[in-house]
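One structure is given here, and the rest of the page talks about it.
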Amino acid sequence: MLSSTTVITTLLHILRVKVVALLLGPSGVAIIAQLNQFLLTAANLASFGSAPGVIRFAAKYASSNQKETLQTFIFTLFASIAIGTGVFLAFGIPLKSYLSYLLLKDTAYSYLVLFAILGVPATAFFINIRSMINGFLEISTYARLTILSVALNLLIIGPMIYFFHLFGAGLHIFIMSFFSLGIAFYELRRIQKARKISVKRGKYDRTMLMELLKYGATSLISTVAIDSALMGVRVLIIHQLSETEAGIFQAAFVISAQVITVIISSMGSYAYPRISELNSTEEAIRESNHAIRLALFTVTPLVIFVYSLRDEFIILFYSQEFLLAANIIAWQLIGNFIRAISSSIGVLLLPFRHLKAFWLVETGQSMIFFFAAFALLPRFGLEACTIAYALAYTFHFVALYTYLKWKMAFRIERKNLKLLLLSGVLIFSFLIILKVDFLKSWYWIIPTLVLWAAISIEKEERHAIITLIQQGLKH
């Protein structure tokens with residue numbers, strides 16, 4: 001269910017990106033990316049970074065059938081979000097011109113920033129309601145909510161930009177925040193009715209709020225740091241180069257991100273709630289190793305596939321105006337390969353309350369991304385930002401592995417180390433060889449991938465695959 005949801009939402013997102021790219025070009029893509037990033041960062045800030053905590057506490061209270069506690073939790077959460085977003089609006093609206101110059105190097109875009117500011121309350125509620133549904137392990141509801149919000153987004157954005165250009169893009173951000181919230185509220189009410197939960201019966205609990213804030217503070221620092229780093233890198237490009245080149249960077253970033261979309265989604269939607277229910281460190285480490293193996297088998301062929309067809313993907317996702325992204329995408333793909341493995345390990349931190357380590361690693365990674373881009377940009381131009389991304393996630397992986405080995409005796413299983421080594425060698429070799437256009441031939445790429453899979457797949461895994469195929473053929 002989650003894999004099919006991710007595929008559907010990814011396809012819808014591709015169509016949405018294509019619409020924006022065709023109608024607004026590279027500079028428009030950069031502006032919309034900045035506004036959306038600002039909206040998400042502000043929503044997380046105004047809701048105190050509570051989303052990961054919501055998943056954990058919702059899963060805990062729902063699994064133990066603590067209805068009264070769950071009602072109080074939801075009431076307290078909603079009250080805190082209402083207060084936080086209200087304060088944000090009070091400070092954000094008067095600063096719209098300053099924020100416009102900071103983000104986009106032009107106060108003429110202040111009306112677009114205002115649309116994003118006004119969309120923050122609805123977005124904050126939407127993010128947390130979706131996290132709550134995730135924590136309840138209502139997988140089909142979570143999938144439906146995700147698909148409906150993305151589909152509605154696609155349906156609205158084309159006409160809005162076609163008729164109203166940039167103004168329509170900004171207005172679309174504001175309108176979609178409330179449409180998505182409406183869908184989320186409907187789904188939450190349905191779940192509450194089925195579980196016989198009433199938020200009206202809940203009460204404000206200061207102790208519960210402090211526990212949520214304590215948990216959320218760690219997430220807040222790391223989430224805001226990650227979002228701010230990406231937003232900051234685009235600010236560097238806009239201020240030092242141009243909006244157009246910021247759009248080129250965004251193209252490379254988004255296309256390479258598709259490589260790990262399924263993995264990051266499964267970490268948040270399945271692995272994290274699953275590990276949150278476990279009390280045994282050994283069981284959690286086994287789950288993490290399962291996630292690592294799945295990530296490597298997924299991301300390795302995807303990196304090679306995307307890099308082999310980078311020009312075609314850029315034209316498919318965007319347009320020929322963005323083809324310069326092909327020159328910088330290799331480092332971005334390397335960064336996402338490392339990120340896929342790192343995310344599979346990092347899923348252990350929050351469930352076992354390694355909060356300080358979580359925010360230190362996430363914040364450190366974000367700072368390296370921004371400051372490496374800042375230092376390298378004058379010398380390497382736009383490619384500096386993708387190099388910085390790869391460096392940041394190299395740090396992320398090394399720091400996580402070192403810490404978890406020390407604190408939890410974490411280890412990567414031998415079969416996964418073998419797979420990691422084979423995958424790493426394969427990817428780096430392909431990224432070097434495929435720079436030469438005439439070597440882009442599927443006659444040797446596909447056999448090489450088949451050989452990699454044959455060497456990497458264990459005997460019991462091979463038997464399991466054959467059994468699944470045989471069962472499928474029978475039915």
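Residues are named by chain letter and number: chains run A, B, ... in the order of the structure tokens, numbers start at 1 in each chain, and ligands are numbered from 1 in the order shown.
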At most 12 Å is the cut-off: for each residue in segment 173-248 of chain A with any atom that close to an atom of segment 321-334 of chain A, write down the nearest atom pair and the distance in Å rounded to one decimal, counting only C-alpha atoms, chain first then increasing number, as a Markdown table.
| residue | atom | partner | partner_atom | distance |
| --- | --- | --- | --- | --- |
| A:Thr244 | CA | A:Phe322 | CA | 9.0 |
| A:Glu245 | CA | A:Leu324 | CA | 9.0 |
| A:Ala246 | CA | A:Ala325 | CA | 10.3 |
| A:Gly247 | CA | A:Phe322 | CA | 7.7 |
| A:Ile248 | CA | A:Ala325 | CA | 5.4 |
Quick one: everything within 12 Å of Gly381 of chain A, counting only C-alpha atoms, minus sequence neighbours fewer than 6 positions away in the same chain. Send it as a list in words.
-> Leu236, Ile237, Gln240, Leu241, Ser242, Glu245, Ala246, Phe249, Asn327, Ile328, Ala373, Phe374, Ala375, Ile387 and Ala388 of chain A
Quick one: write out the picked residues with N, CA and C atoms as an mmCIF file, in the first residue's frame?
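And here is the file that came out, result-v1.cif:
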data_model
loop_
_atom_site.group_PDB
_atom_site.id
_atom_site.type_symbol
_atom_site.label_atom_id
_atom_site.label_comp_id
_atom_site.auth_asym_id
_atom_site.auth_seq_id
_atom_site.Cartn_x
_atom_site.Cartn_y
_atom_site.Cartn_z
ATOM 1 N N LEU A 236 21.736 31.607 -1.326
ATOM 2 C CA LEU A 236 23.105 31.854 -1.795
ATOM 3 C C LEU A 236 23.154 31.914 -3.322
ATOM 4 N N ILE A 237 22.476 30.960 -3.968
ATOM 5 C CA ILE A 237 22.489 30.913 -5.434
ATOM 6 C C ILE A 237 21.794 32.142 -6.008
ATOM 7 N N GLN A 240 24.064 35.270 -5.215
ATOM 8 C CA GLN A 240 25.391 35.286 -5.833
ATOM 9 C C GLN A 240 25.361 34.980 -7.329
ATOM 10 N N LEU A 241 24.363 34.214 -7.773
ATOM 11 C CA LEU A 241 24.254 33.872 -9.189
ATOM 12 C C LEU A 241 22.972 34.472 -9.760
ATOM 13 N N SER A 242 21.881 33.714 -9.750
ATOM 14 C CA SER A 242 20.612 34.232 -10.267
ATOM 15 C C SER A 242 19.464 33.299 -9.907
ATOM 16 N N GLU A 245 19.587 30.130 -12.153
ATOM 17 C CA GLU A 245 20.496 29.060 -11.718
ATOM 18 C C GLU A 245 19.977 28.368 -10.463
ATOM 19 N N ALA A 246 19.226 29.088 -9.642
ATOM 20 C CA ALA A 246 18.571 28.450 -8.495
ATOM 21 C C ALA A 246 17.535 27.436 -8.981
ATOM 22 N N PHE A 249 19.462 24.335 -10.098
ATOM 23 C CA PHE A 249 19.812 23.532 -8.921
ATOM 24 C C PHE A 249 18.595 22.768 -8.408
ATOM 25 N N ASN A 327 24.779 18.526 -15.635
ATOM 26 C CA ASN A 327 26.202 18.678 -15.331
ATOM 27 C C ASN A 327 26.499 18.610 -13.833
ATOM 28 N N ILE A 328 25.492 18.770 -13.001
ATOM 29 C CA ILE A 328 25.738 18.832 -11.554
ATOM 30 C C ILE A 328 25.037 17.726 -10.767
ATOM 31 N N ALA A 373 28.596 24.842 0.848
ATOM 32 C CA ALA A 373 28.116 25.522 -0.365
ATOM 33 C C ALA A 373 28.613 26.963 -0.397
ATOM 34 N N PHE A 374 28.553 27.631 0.741
ATOM 35 C CA PHE A 374 29.012 29.019 0.844
ATOM 36 C C PHE A 374 30.501 29.131 0.494
ATOM 37 N N ALA A 375 31.301 28.192 1.003
ATOM 38 C CA ALA A 375 32.748 28.236 0.778
ATOM 39 C C ALA A 375 33.131 27.843 -0.650
ATOM 40 N N ILE A 387 28.046 19.259 -4.486
ATOM 41 C CA ILE A 387 29.199 18.708 -3.769
ATOM 42 C C ILE A 387 28.972 18.841 -2.265
ATOM 43 N N ALA A 388 28.491 20.004 -1.855
ATOM 44 C CA ALA A 388 28.208 20.251 -0.431
ATOM 45 C C ALA A 388 27.175 19.272 0.106
#
Spatial neighbours of Arg130 of chain A, 9 Å, only C-alpha atoms, chain gap at least 5 places, as a PDB file with C-alpha atoms, in the first residue's frame:
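Result written to result33.pdb:
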ATOM      1  CA  ALA A  51       5.105  15.816  14.124  1.00  0.00           C
ATOM      2  CA  ILE A  55       3.570   9.694  15.587  1.00  0.00           C
ATOM      3  CA  PHE A 125      -2.473  21.380  11.482  1.00  0.00           C
ATOM      4  CA  GLY A 135       0.818   6.852  14.370  1.00  0.00           C
ATOM      5  CA  TYR A 142      -2.794   7.763   5.334  1.00  0.00           C
ATOM      6  CA  LEU A 145      -5.042  11.438   2.416  1.00  0.00           C
ATOM      7  CA  THR A 146      -1.639  11.750   0.774  1.00  0.00           C
ATOM      8  CA  ALA A 184      -7.227  15.683   6.812  1.00  0.00           C
ATOM      9  CA  LEU A 188      -9.489  12.286  11.373  1.00  0.00           C
TER      10      LEU A 188
END
Using only C-alpha atoms: which of A:Phe38, A:Phe305, A:Phe48, A:Phe380 has the shortest distance to Lys214 of chain A | A:Phe48
Using only C-alpha atoms, which of the listed residues (A:Ala43, A:Leu102, A:Val254, A:Leu213) sits closest to His13 of chain A?
->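 The closest residue to His13 of chain A is A:Val254.
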Proximity to Val54 of chain A - best of A:Leu212, A:Ile81, A:Leu35, A:Val29, only C-alpha atoms = A:Leu212
Of the candidates A:Thr394, A:Thr281, A:Thr69, A:Ser228, which one gets nearest to Arg339 of chain A if we count only C-alpha atoms?
->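 Smallest distance to Arg339 of chain A is found for A:Thr394.
Counting from atom CA of Leu348 of chain A, the distance to atom CA of Asn44 of chain A is 21.7 Å.
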Quick one: everything within 12 Å of Ser131 of chain A, counting only C-alpha atoms, minus sequence neighbours fewer than 6 positions away in the same chain. Send it as number ranges by chain.
-> A: 49-59, 74, 77, 124-125, 137-139, 141-143, 145-146, 184, 188, 268-270, 272-273
Would you export the selected residues with N, CA and C atoms as a PDB file, in the first residue's frame, please?
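The resulting file, part.pdb, is shown below:
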ATOM      1  N   GLY A  49       7.719  21.662  16.046  1.00  0.00           N
ATOM      2  CA  GLY A  49       8.337  20.434  15.551  1.00  0.00           C
ATOM      3  C   GLY A  49       7.715  19.179  16.122  1.00  0.00           C
ATOM      4  N   SER A  50       6.418  19.225  16.355  1.00  0.00           N
ATOM      5  CA  SER A  50       5.751  18.149  17.098  1.00  0.00           C
ATOM      6  C   SER A  50       5.453  16.894  16.288  1.00  0.00           C
ATOM      7  N   ALA A  51       5.559  16.940  14.961  1.00  0.00           N
ATOM      8  CA  ALA A  51       5.105  15.816  14.124  1.00  0.00           C
ATOM      9  C   ALA A  51       5.711  14.453  14.498  1.00  0.00           C
ATOM     10  N   PRO A  52       7.045  14.305  14.651  1.00  0.00           N
ATOM     11  CA  PRO A  52       7.580  12.989  15.044  1.00  0.00           C
ATOM     12  C   PRO A  52       7.062  12.530  16.405  1.00  0.00           C
ATOM     13  N   GLY A  53       6.932  13.476  17.342  1.00  0.00           N
ATOM     14  CA  GLY A  53       6.385  13.141  18.655  1.00  0.00           C
ATOM     15  C   GLY A  53       4.941  12.691  18.564  1.00  0.00           C
ATOM     16  N   VAL A  54       4.194  13.304  17.655  1.00  0.00           N
ATOM     17  CA  VAL A  54       2.788  12.928  17.457  1.00  0.00           C
ATOM     18  C   VAL A  54       2.698  11.479  16.995  1.00  0.00           C
ATOM     19  N   ILE A  55       3.563  11.087  16.057  1.00  0.00           N
ATOM     20  CA  ILE A  55       3.570   9.694  15.587  1.00  0.00           C
ATOM     21  C   ILE A  55       3.818   8.749  16.759  1.00  0.00           C
ATOM     22  N   ARG A  56       4.808   9.068  17.562  1.00  0.00           N
ATOM     23  CA  ARG A  56       5.192   8.180  18.670  1.00  0.00           C
ATOM     24  C   ARG A  56       4.084   8.065  19.713  1.00  0.00           C
ATOM     25  N   PHE A  57       3.567   9.213  20.175  1.00  0.00           N
ATOM     26  CA  PHE A  57       2.572   9.182  21.246  1.00  0.00           C
ATOM     27  C   PHE A  57       1.232   8.637  20.755  1.00  0.00           C
ATOM     28  N   ALA A  58       0.867   8.955  19.514  1.00  0.00           N
ATOM     29  CA  ALA A  58      -0.374   8.425  18.958  1.00  0.00           C
ATOM     30  C   ALA A  58      -0.293   6.903  18.850  1.00  0.00           C
ATOM     31  N   ALA A  59       0.858   6.390  18.401  1.00  0.00           N
ATOM     32  CA  ALA A  59       1.050   4.939  18.297  1.00  0.00           C
ATOM     33  C   ALA A  59       0.989   4.291  19.678  1.00  0.00           C
ATOM     34  N   ILE A  74      -4.803  14.804  21.928  1.00  0.00           N
ATOM     35  CA  ILE A  74      -5.228  15.507  20.712  1.00  0.00           C
ATOM     36  C   ILE A  74      -5.650  16.934  21.044  1.00  0.00           C
ATOM     37  N   LEU A  77      -2.557  18.985  21.839  1.00  0.00           N
ATOM     38  CA  LEU A  77      -1.797  19.223  20.605  1.00  0.00           C
ATOM     39  C   LEU A  77      -2.422  20.350  19.793  1.00  0.00           C
ATOM     40  N   ALA A 124       0.378  23.643   9.336  1.00  0.00           N
ATOM     41  CA  ALA A 124       0.826  23.077  10.621  1.00  0.00           C
ATOM     42  C   ALA A 124      -0.164  22.033  11.132  1.00  0.00           C
ATOM     43  N   PHE A 125      -1.457  22.349  11.059  1.00  0.00           N
ATOM     44  CA  PHE A 125      -2.473  21.380  11.482  1.00  0.00           C
ATOM     45  C   PHE A 125      -2.454  20.147  10.579  1.00  0.00           C
ATOM     46  N   LEU A 137      -1.407   3.896  12.670  1.00  0.00           N
ATOM     47  CA  LEU A 137      -1.185   2.826  11.688  1.00  0.00           C
ATOM     48  C   LEU A 137      -2.406   2.600  10.805  1.00  0.00           C
ATOM     49  N   GLU A 138      -3.110   3.704  10.516  1.00  0.00           N
ATOM     50  CA  GLU A 138      -4.235   3.666   9.564  1.00  0.00           C
ATOM     51  C   GLU A 138      -3.644   3.840   8.168  1.00  0.00           C
ATOM     52  N   ILE A 139      -3.036   2.766   7.665  1.00  0.00           N
ATOM     53  CA  ILE A 139      -2.239   2.851   6.440  1.00  0.00           C
ATOM     54  C   ILE A 139      -3.079   3.277   5.231  1.00  0.00           C
ATOM     55  N   THR A 141      -5.878   4.933   5.173  1.00  0.00           N
ATOM     56  CA  THR A 141      -6.306   6.333   5.339  1.00  0.00           C
ATOM     57  C   THR A 141      -5.155   7.282   5.049  1.00  0.00           C
ATOM     58  N   TYR A 142      -3.985   6.947   5.569  1.00  0.00           N
ATOM     59  CA  TYR A 142      -2.794   7.763   5.334  1.00  0.00           C
ATOM     60  C   TYR A 142      -2.508   7.854   3.831  1.00  0.00           C
ATOM     61  N   ALA A 143      -2.624   6.722   3.153  1.00  0.00           N
ATOM     62  CA  ALA A 143      -2.379   6.693   1.706  1.00  0.00           C
ATOM     63  C   ALA A 143      -3.408   7.535   0.965  1.00  0.00           C
ATOM     64  N   LEU A 145      -5.251  10.023   2.100  1.00  0.00           N
ATOM     65  CA  LEU A 145      -5.042  11.438   2.416  1.00  0.00           C
ATOM     66  C   LEU A 145      -3.896  12.021   1.593  1.00  0.00           C
ATOM     67  N   THR A 146      -2.812  11.279   1.523  1.00  0.00           N
ATOM     68  CA  THR A 146      -1.639  11.750   0.774  1.00  0.00           C
ATOM     69  C   THR A 146      -1.949  11.918  -0.708  1.00  0.00           C
ATOM     70  N   ALA A 184      -7.810  16.319   5.623  1.00  0.00           N
ATOM     71  CA  ALA A 184      -7.227  15.683   6.812  1.00  0.00           C
ATOM     72  C   ALA A 184      -8.209  15.663   7.974  1.00  0.00           C
ATOM     73  N   LEU A 188      -9.672  12.410   9.931  1.00  0.00           N
ATOM     74  CA  LEU A 188      -9.489  12.286  11.373  1.00  0.00           C
ATOM     75  C   LEU A 188     -10.828  12.092  12.086  1.00  0.00           C
ATOM     76  N   GLY A 268       9.480   6.718   7.367  1.00  0.00           N
ATOM     77  CA  GLY A 268       8.528   7.476   8.174  1.00  0.00           C
ATOM     78  C   GLY A 268       7.205   6.771   8.376  1.00  0.00           C
ATOM     79  N   SER A 269       6.760   6.026   7.367  1.00  0.00           N
ATOM     80  CA  SER A 269       5.422   5.438   7.418  1.00  0.00           C
ATOM     81  C   SER A 269       5.385   4.043   8.022  1.00  0.00           C
ATOM     82  N   TYR A 270       6.508   3.307   7.924  1.00  0.00           N
ATOM     83  CA  TYR A 270       6.497   1.944   8.460  1.00  0.00           C
ATOM     84  C   TYR A 270       7.600   1.719   9.500  1.00  0.00           C
ATOM     85  N   TYR A 272       9.690   3.649  11.250  1.00  0.00           N
ATOM     86  CA  TYR A 272       9.686   4.441  12.483  1.00  0.00           C
ATOM     87  C   TYR A 272       8.566   4.019  13.440  1.00  0.00           C
ATOM     88  N   PRO A 273       7.286   3.930  12.990  1.00  0.00           N
ATOM     89  CA  PRO A 273       6.240   3.439  13.902  1.00  0.00           C
ATOM     90  C   PRO A 273       6.513   2.015  14.394  1.00  0.00           C
TER      91      PRO A 273
END
